[in-house]
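A.B. asks: Structure below; questions to follow.
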Amino acid sequence: MRFILLIFITLTLIHSQNLFAQDNGNTQAEKIYTVVEEMPRFPGCEVGIMTTEERYECAEKSMLNFIYSTIVYPDSARAHGTEGRVVLQFVVTKNGRVADPTILKDIGDGCGEEALRVLKLMQENNIIWKPGMKDSLAVNVKYTLPVKFKIKEYTPPPPYTILNGDSIYLEFETGVEFKGGDDALKIFLATETMYPSSGLDSCLMGSMKSDLIIKKDGSVELLESIDFSNLGTDFLFEVIKLVPKTEGKWTPATYEGRQVTSIYPIRVEFRPTSAGCKTAVDEYEAALVEVEKAVTLHDEGKSEEGIATMDKVIKVAPTNTEWLYFRGVMNLNLNNNDLACADFQQIRNILTYPWYEKWIDVICAF
C-alpha cells in the first residue's frame, strides 16, 4: 500500500500591518505588509500576456507542484493516522526571497517540521518570487500558508503524458532554458524571424504562439501554432522554418536528475519593414500599449474602462483574436454574456479551430 500526501493550499493575505517599523522615520521598504496592490507570486508565470488573475492562478499551481513533489508524509504521522492542517507563515521580501519561515499551527508527529523543511528549501534553492508591490515599489509582504496533511491510498499519475510515442514531461525539477536566457531568446526571435513578402501589400502584422517540443537531447520540434492575427499560411511557414534554427540552443528540462522531453511556448512577432507600412506599424505598436492598459484596468476591477479601451484598440486590428478574447473575458466579468459570446463567436469565424473551442458553446448557452 502506498500513501501520498494530498495538499490543499490556500494563500491567505490579511489586512495591512507594520511589524518592524517604529515611529522613528523607518522607510516603507522596512515595513512588512499583509496586503498590497500587487501581491507576491511564486515564480514561473511572468512570461507572456496574461491577466493578473491568470498569473496568480498559474503561480499557485506552480507552488502547489513544488510542495507536492517535495514534501514527504512523516512516518510517525502515517503510523498514528495523524491528519490535519499545518499553518506556516513567512515573508516574501522586496527582493523576492523567502524569509523568517515559522510554524503558526502544528498537528504533531513531524508534520509541522516537514512542511517547514519544504518551505526552507525555497531559501536553499534560491527561489526568487515576484515581490509584492505597493505604490509602485517592491515591499516586504507576510504570507500565511495552510498545508493540509491527508493520508489516502492512491497511485499518483505519472509526471508525463505520451505524445506520438514520446514521453512529454509535465513536471520537472528544472525547466527548459534557451541558452543565454530570455533576453537572448527575444533577440534571436527578433533577428531570425523573416517577414513574408506576401504580407507587404496589406501590411499584415501580429503574432503567433507556438509550442515547441524540446527533446532530452536538445533537438526541437514544432508541436502547434496559434495564429492570433489570422496572418495565414505564409507566416506559418516562416515559423516552421524558424524552429530548426533553434536547434542546439536549448537546455532541456530535468526530472530526477536526468534530462527529459517537455514543451516550451514561444511567441513570434511579425512586423513589416517597408516604408509604406510604417504608419500602420506605429499604430499597431501604440495599440499594444493600450492593450496592456486595458488588461491592467480589468485587473483593478475597472472592466468597463478596460472594455472601452479595447473597443478602440480592436478597430486597429479587428481580426486579432487575442484582443477579441481579452474583451470577451472582460464582458464575462460584467455578466455581459451576449457581448462576450459575440466576441468568442467572431473568433470562431476567424480561426479554423479557436484555442478555447470547448468553452464557446457553454458561454453562448446563457
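In the C-alpha cells, chains take the letters A, B, ... in the order shown, each chain's residues start at 1, and ligands count up from 1 in the order shown.
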Please return as a list of chain:residue names: the residues of region 54-99 of chain A that backbone DSSP assigns to alpha helix (DSSP H).
C.D. replies: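 Residues meeting the alpha helix (DSSP H) criterion: A:Glu54, A:Arg55, A:Tyr56, A:Glu57, A:Cys58, A:Ala59, A:Glu60, A:Lys61, A:Ser62, A:Met63, A:Leu64, A:Asn65, A:Phe66, A:Ile67, A:Tyr68, A:Ser69, A:Thr70, A:Asp75, A:Ser76, A:Ala77, A:Arg78, A:Ala79, A:His80.
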A.B. asks: Write a file of the just-selected residues containing C-alpha atoms, as an mmCIF file, in the first residue's frame.
C.D. replies:
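Just written: selection_12.cif:
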```cif
data_model
loop_
_atom_site.group_PDB
_atom_site.id
_atom_site.type_symbol
_atom_site.label_atom_id
_atom_site.label_comp_id
_atom_site.auth_asym_id
_atom_site.auth_seq_id
_atom_site.Cartn_x
_atom_site.Cartn_y
_atom_site.Cartn_z
ATOM 1 C CA GLU A 54 -4.322 34.293 -14.594
ATOM 2 C CA ARG A 55 -0.783 34.920 -13.322
ATOM 3 C CA TYR A 56 -1.863 34.296 -9.711
ATOM 4 C CA GLU A 57 -3.667 31.098 -10.696
ATOM 5 C CA CYS A 58 -0.599 29.917 -12.599
ATOM 6 C CA ALA A 59 1.700 30.850 -9.683
ATOM 7 C CA GLU A 60 -0.444 28.987 -7.153
ATOM 8 C CA LYS A 61 -0.389 25.858 -9.310
ATOM 9 C CA SER A 62 3.391 26.122 -9.646
ATOM 10 C CA MET A 63 3.800 26.469 -5.888
ATOM 11 C CA LEU A 64 1.456 23.529 -5.300
ATOM 12 C CA ASN A 65 3.529 21.431 -7.682
ATOM 13 C CA PHE A 66 6.741 22.417 -5.871
ATOM 14 C CA ILE A 67 5.341 21.468 -2.456
ATOM 15 C CA TYR A 68 3.555 18.329 -3.686
ATOM 16 C CA SER A 69 6.651 16.977 -5.395
ATOM 17 C CA THR A 70 8.906 17.701 -2.402
ATOM 18 C CA ASP A 75 6.422 8.009 9.135
ATOM 19 C CA SER A 76 5.198 8.773 12.653
ATOM 20 C CA ALA A 77 2.184 10.707 11.346
ATOM 21 C CA ARG A 78 1.371 7.930 8.902
ATOM 22 C CA ALA A 79 1.652 5.263 11.594
ATOM 23 C CA HIS A 80 -0.586 7.192 14.011
#
```
A.B. asks: Contacts of Lys120 (chain A) at 12 Å or less, counting only C-alpha atoms, minus same-chain residues fewer than 5 places along, as a PyMOL selection string?
C.D. replies: chain A and resi 67+70-71+88-91+97-103+113-115+125-127
A.B. asks: Generate a file of the selected residues that holds N, CA and C atoms, formatted as a CSV table (one decimal), in the first residue's frame.
C.D. replies:
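Output file out.csv is given in full below:
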```csv
chain,number,residue,atom,x,y,z
A,67,ILE,N,5.5,22.1,-3.8
A,67,ILE,CA,5.3,21.5,-2.5
A,67,ILE,C,5.0,20.0,-2.6
A,70,THR,N,7.8,17.7,-3.3
A,70,THR,CA,8.9,17.7,-2.4
A,70,THR,C,8.6,17.1,-1.0
A,71,ILE,N,7.4,17.4,-0.5
A,71,ILE,CA,7.0,17.0,0.8
A,71,ILE,C,6.9,15.5,1.0
A,88,LEU,N,1.7,27.6,8.1
A,88,LEU,CA,3.0,28.3,8.1
A,88,LEU,C,2.9,29.8,7.8
A,89,GLN,N,3.9,30.5,8.2
A,89,GLN,CA,3.9,31.9,7.9
A,89,GLN,C,5.4,32.3,7.5
A,90,PHE,N,5.5,33.2,6.5
A,90,PHE,CA,6.8,33.6,6.1
A,90,PHE,C,6.7,35.0,5.4
A,91,VAL,N,7.8,35.6,5.1
A,91,VAL,CA,7.8,36.9,4.5
A,91,VAL,C,8.4,36.7,3.1
A,97,ARG,N,12.7,37.1,-1.9
A,97,ARG,CA,13.2,35.9,-1.2
A,97,ARG,C,12.3,35.5,-0.1
A,98,VAL,N,12.3,34.3,0.3
A,98,VAL,CA,11.5,33.8,1.4
A,98,VAL,C,12.3,34.0,2.7
A,99,ALA,N,11.7,34.6,3.7
A,99,ALA,CA,12.4,35.0,4.9
A,99,ALA,C,11.5,34.6,6.1
A,100,ASP,N,12.2,34.3,7.2
A,100,ASP,CA,11.5,34.1,8.5
A,100,ASP,C,10.4,33.1,8.5
A,101,PRO,N,10.6,31.9,7.9
A,101,PRO,CA,9.5,30.9,7.9
A,101,PRO,C,9.3,30.4,9.3
A,102,THR,N,8.1,30.3,9.7
A,102,THR,CA,7.7,29.8,11.0
A,102,THR,C,6.4,29.0,11.0
A,103,ILE,N,6.2,28.2,12.0
A,103,ILE,CA,5.0,27.4,12.2
A,103,ILE,C,4.1,28.1,13.1
A,113,GLU,N,7.2,20.2,11.1
A,113,GLU,CA,8.6,20.2,10.7
A,113,GLU,C,8.8,19.9,9.2
A,114,GLU,N,8.0,18.9,8.7
A,114,GLU,CA,8.2,18.6,7.3
A,114,GLU,C,7.7,19.7,6.4
A,115,ALA,N,6.6,20.3,6.8
A,115,ALA,CA,6.1,21.5,6.0
A,115,ALA,C,7.1,22.6,6.0
A,125,ASN,N,17.3,26.7,-2.3
A,125,ASN,CA,17.4,26.6,-3.7
A,125,ASN,C,17.3,28.0,-4.4
A,126,ASN,N,17.3,29.1,-3.6
A,126,ASN,CA,17.4,30.4,-4.1
A,126,ASN,C,16.2,30.7,-5.0
A,127,ILE,N,15.0,30.3,-4.7
A,127,ILE,CA,13.8,30.5,-5.5
A,127,ILE,C,13.4,32.0,-5.2
```
A.B. asks: Please identify every residue of region 144-232 of chain A that has at least one atom no farther than 12 Å from an atom of region 282-299 of chain A, counting only C-alpha atoms, and for each give the shortest atom pair and the distance in Å to one decimal, arranged by chain then increasing number, as a tab-separated table.
C.D. replies:
```
residue	atom	partner	partner_atom	distance
A:Cys203	CA	A:Tyr284	CA	10.6
A:Leu204	CA	A:Tyr284	CA	10.3
A:Met205	CA	A:Tyr284	CA	8.1
A:Gly206	CA	A:Tyr284	CA	8.6
A:Ser207	CA	A:Leu288	CA	11.4
A:Ser229	CA	A:Tyr284	CA	11.9
```
A.B. asks: How many Å lie between CA of Asp211 (chain A) and CA of Pro265 (chain A), rounded to one decimal?
C.D. replies: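 Going from CA of Asp211 (chain A) over to CA of Pro265 (chain A) covers 4.3 Å.
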A.B. asks: Determine, using only C-alpha atoms, which residues of region 203-298 of chain A have any atom at most 9 Å from an atom of region 188-191 of chain A, and tabulate each with its shortest atom pair and distance in Å to one decimal place, rows ordered by chain and then rising number, as a tab-separated table.
C.D. replies:
```
residue	atom	partner	partner_atom	distance
A:Leu242	CA	A:Leu189	CA	8.3
A:Thr246	CA	A:Phe188	CA	8.6
A:Ile266	CA	A:Leu189	CA	9.0
A:Arg267	CA	A:Leu189	CA	8.5
A:Val268	CA	A:Leu189	CA	6.6
A:Glu269	CA	A:Ala190	CA	7.5
A:Phe270	CA	A:Ala190	CA	8.8
```
A.B. asks: I want to know what sits within 9 Å of Thr319 (chain A), based on only C-alpha atoms, with residues of the same chain fewer than 5 positions away left out; could you give that as number ranges by chain?
C.D. replies: A: 228-230, 314, 324, 346-347, 350
A.B. asks: Residues of region 30-223 of chain A classed as strand (DSSP E) by DSSP on the backbone are to be reported as an MDAnalysis selection string.
C.D. replies: chainID A and resid 32:33 84:92 98:105 132:134 137:149 151:153 160:163 166:169 177:178 206:214 220:223
A.B. asks: Using only C-alpha atoms, pick whichever of A:Gly84, A:Pro131, A:Gly301, A:Gly108 has the shortest atom-to-atom distance to Val36 (chain A).
C.D. replies: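 Ranking A:Gly84, A:Pro131, A:Gly301, A:Gly108 by distance to Val36 (chain A), first place goes to A:Pro131.
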A.B. asks: What lies within 12 Å of Thr273 (chain A) using only C-alpha atoms, ignoring chain neighbours under 4 positions off, as a PyMOL selection string?
C.D. replies: chain A and resi 194-197+199-201+203-205+277-282
A.B. asks: Mind giving me the straight-line distance from CA of Phe172 (chain A) to CA of Val243 (chain A) in Å, one decimal?
C.D. replies: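 So the two atoms, CA of Phe172 (chain A) and CA of Val243 (chain A), lie 23.0 Å apart.
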